>>> print(open('model-v2.pdb').read())   # PDB, C-alpha atoms, pLDDT in the B column
ATOM      1  CA  MET A 706      37.835   4.937  -3.519  1.00 52.00           C
ATOM      2  CA  SER A 707      38.742   2.138  -5.859  1.00 55.00           C
ATOM      3  CA  LYS A 708      37.505  -1.415  -5.679  1.00 56.00           C
ATOM      4  CA  ASP A 709      39.857  -4.253  -4.886  1.00 57.00           C
ATOM      5  CA  GLU A 710      40.326  -6.768  -7.633  1.00 63.00           C
ATOM      6  CA  ASN A 711      39.524  -9.613  -5.225  1.00 66.00           C
ATOM      7  CA  GLU A 712      36.163  -8.143  -4.213  1.00 62.00           C
ATOM      8  CA  PRO A 713      33.269  -9.776  -6.107  1.00 65.00           C
ATOM      9  CA  VAL A 714      31.162  -7.468  -8.216  1.00 64.00           C
ATOM     10  CA  VAL A 715      27.428  -8.011  -7.978  1.00 65.00           C
ATOM     11  CA  SER A 716      25.853  -7.138 -11.265  1.00 77.00           C
ATOM     12  CA  ARG A 717      22.377  -5.852 -11.914  1.00 79.00           C
ATOM     13  CA  ALA A 718      21.443  -9.181 -13.518  1.00 83.00           C
ATOM     14  CA  THR A 719      22.111 -10.948 -10.210  1.00 87.00           C
ATOM     15  CA  TRP A 720      19.717  -8.665  -8.337  1.00 88.00           C
ATOM     16  CA  VAL A 721      17.073  -9.141 -11.015  1.00 90.00           C
ATOM     17  CA  ALA A 722      17.407 -12.926 -10.716  1.00 91.00           C
ATOM     18  CA  ILE A 723      17.113 -12.762  -6.917  1.00 93.00           C
ATOM     19  CA  LEU A 724      14.080 -10.488  -7.188  1.00 94.00           C
ATOM     20  CA  ARG A 725      12.419 -12.898  -9.619  1.00 96.00           C
ATOM     21  CA  ILE A 726      12.950 -15.816  -7.244  1.00 97.00           C
ATOM     22  CA  VAL A 727      11.493 -13.852  -4.306  1.00 97.00           C
ATOM     23  CA  VAL A 728       8.476 -12.766  -6.366  1.00 98.00           C
ATOM     24  CA  ILE A 729       7.846 -16.330  -7.560  1.00 98.00           C
ATOM     25  CA  LEU A 730       8.062 -17.670  -3.987  1.00 98.00           C
ATOM     26  CA  LEU A 731       5.658 -14.957  -2.816  1.00 98.00           C
ATOM     27  CA  ILE A 732       3.194 -15.854  -5.570  1.00 98.00           C
ATOM     28  CA  LEU A 733       3.421 -19.544  -4.628  1.00 97.00           C
ATOM     29  CA  VAL A 734       2.706 -18.784  -0.965  1.00 96.00           C
ATOM     30  CA  LEU A 735      -0.254 -16.580  -1.915  1.00 97.00           C
ATOM     31  CA  ALA A 736      -1.576 -19.334  -4.188  1.00 97.00           C
ATOM     32  CA  LEU A 737      -1.287 -21.858  -1.351  1.00 91.00           C
ATOM     33  CA  VAL A 738      -3.129 -19.624   1.109  1.00 89.00           C
ATOM     34  CA  GLY A 739      -5.752 -18.678  -1.493  1.00 93.00           C
ATOM     35  CA  GLY A 740      -6.278 -22.304  -2.461  1.00 92.00           C
ATOM     36  CA  ALA A 741      -6.670 -23.343   1.159  1.00 87.00           C
ATOM     37  CA  PHE A 742      -9.194 -20.577   1.689  1.00 90.00           C
ATOM     38  CA  VAL A 743     -11.233 -21.381  -1.418  1.00 93.00           C
ATOM     39  CA  GLY A 744     -11.138 -25.117  -0.811  1.00 90.00           C
ATOM     40  CA  TYR A 745     -11.976 -24.997   2.865  1.00 88.00           C
ATOM     41  CA  VAL A 746     -14.363 -22.043   3.049  1.00 91.00           C
ATOM     42  CA  VAL A 747     -16.048 -21.867  -0.350  1.00 92.00           C
ATOM     43  CA  PHE A 748     -16.234 -25.531  -1.327  1.00 92.00           C
ATOM     44  CA  GLY A 749     -16.168 -27.017   2.182  1.00 88.00           C
ATOM     45  CA  LYS A 750     -18.523 -24.391   3.650  1.00 91.00           C
ATOM     46  CA  GLN A 751     -16.510 -24.177   6.866  1.00 89.00           C
ATOM     47  CA  ASP A 752     -15.616 -21.278   9.151  1.00 90.00           C
ATOM     48  CA  PRO A 753     -12.668 -19.245   7.759  1.00 88.00           C
ATOM     49  CA  SER A 754     -10.982 -18.977  11.166  1.00 88.00           C
ATOM     50  CA  GLU A 755     -10.556 -22.755  11.292  1.00 89.00           C
ATOM     51  CA  ILE A 756      -8.031 -22.665   8.438  1.00 87.00           C
ATOM     52  CA  TRP A 757      -5.311 -21.535  10.855  1.00 87.00           C
ATOM     53  CA  ASN A 758      -6.015 -24.194  13.522  1.00 92.00           C
ATOM     54  CA  TRP A 759      -3.409 -26.926  13.876  1.00 94.00           C
ATOM     55  CA  SER A 760      -6.159 -29.515  14.484  1.00 93.00           C
ATOM     56  CA  THR A 761      -7.648 -28.791  11.053  1.00 88.00           C
ATOM     57  CA  TRP A 762      -4.358 -29.541   9.291  1.00 88.00           C
ATOM     58  CA  ARG A 763      -3.750 -32.638  11.419  1.00 93.00           C
ATOM     59  CA  HIS A 764      -7.184 -33.907  10.377  1.00 90.00           C
ATOM     60  CA  VAL A 765      -6.420 -33.236   6.697  1.00 86.00           C
ATOM     61  CA  PHE A 766      -3.056 -34.997   7.036  1.00 91.00           C
ATOM     62  CA  ASP A 767      -4.754 -37.988   8.689  1.00 93.00           C
ATOM     63  CA  LEU A 768      -7.328 -38.163   5.891  1.00 92.00           C
ATOM     64  CA  VAL A 769      -4.674 -38.102   3.175  1.00 92.00           C
ATOM     65  CA  PHE A 770      -2.048 -40.382   4.717  1.00 93.00           C
ATOM     66  CA  ALA A 771      -4.113 -42.740   6.900  1.00 87.00           C
ATOM     67  CA  PRO A 772      -3.503 -46.449   6.215  1.00 75.00           C
TER
END
>>> encode(input="model-v2.pdb", output="structure tokens")
Amino acid sequence: MSKDENEPVVSRATWVAILRIVVILLILVLALVGGAFVGYVVFGKQDPSEIWNWSTWRHVFDLVFAP
């Protein structure tokens, strides 16, 4: 089988770049979750299960953006 000349060739460098982006996004999400946990549970001395409640995040949003 031969490749058509019109078919794009995906190089190894492209896959490495995509993998780097995915890894960076994963690290950012883990940092966000870890920061929320440390800030809310360790510093705030609250129950860890409350981090995932919508009412908790609405309260935080109201505190930050309230007029």
>>> residues_around(input="model-v2.pdb", residues="stretch 762-767 of chain A", least_positions_apart="6", cutoff="12 Å", atoms="all atoms listed in the file", output="MDAnalysis selection string")
chainID A and resid 741 745 755:756
>>> atom_distance(input="model-v2.pdb", atom1="atom CA of A:Arg725", atom2="atom CA of A:Val743")
26.4 Å
>>> axis_aligned_box(input="model-v2.pdb", around="stretch 714-730 of chain A", padding_each_side="6 Å", output="lines of an AutoDock Vina configuration file")
center_x = 19.5
center_y = -11.8
center_z = -8.8
size_x = 35.3
size_y = 23.8
size_z = 21.5
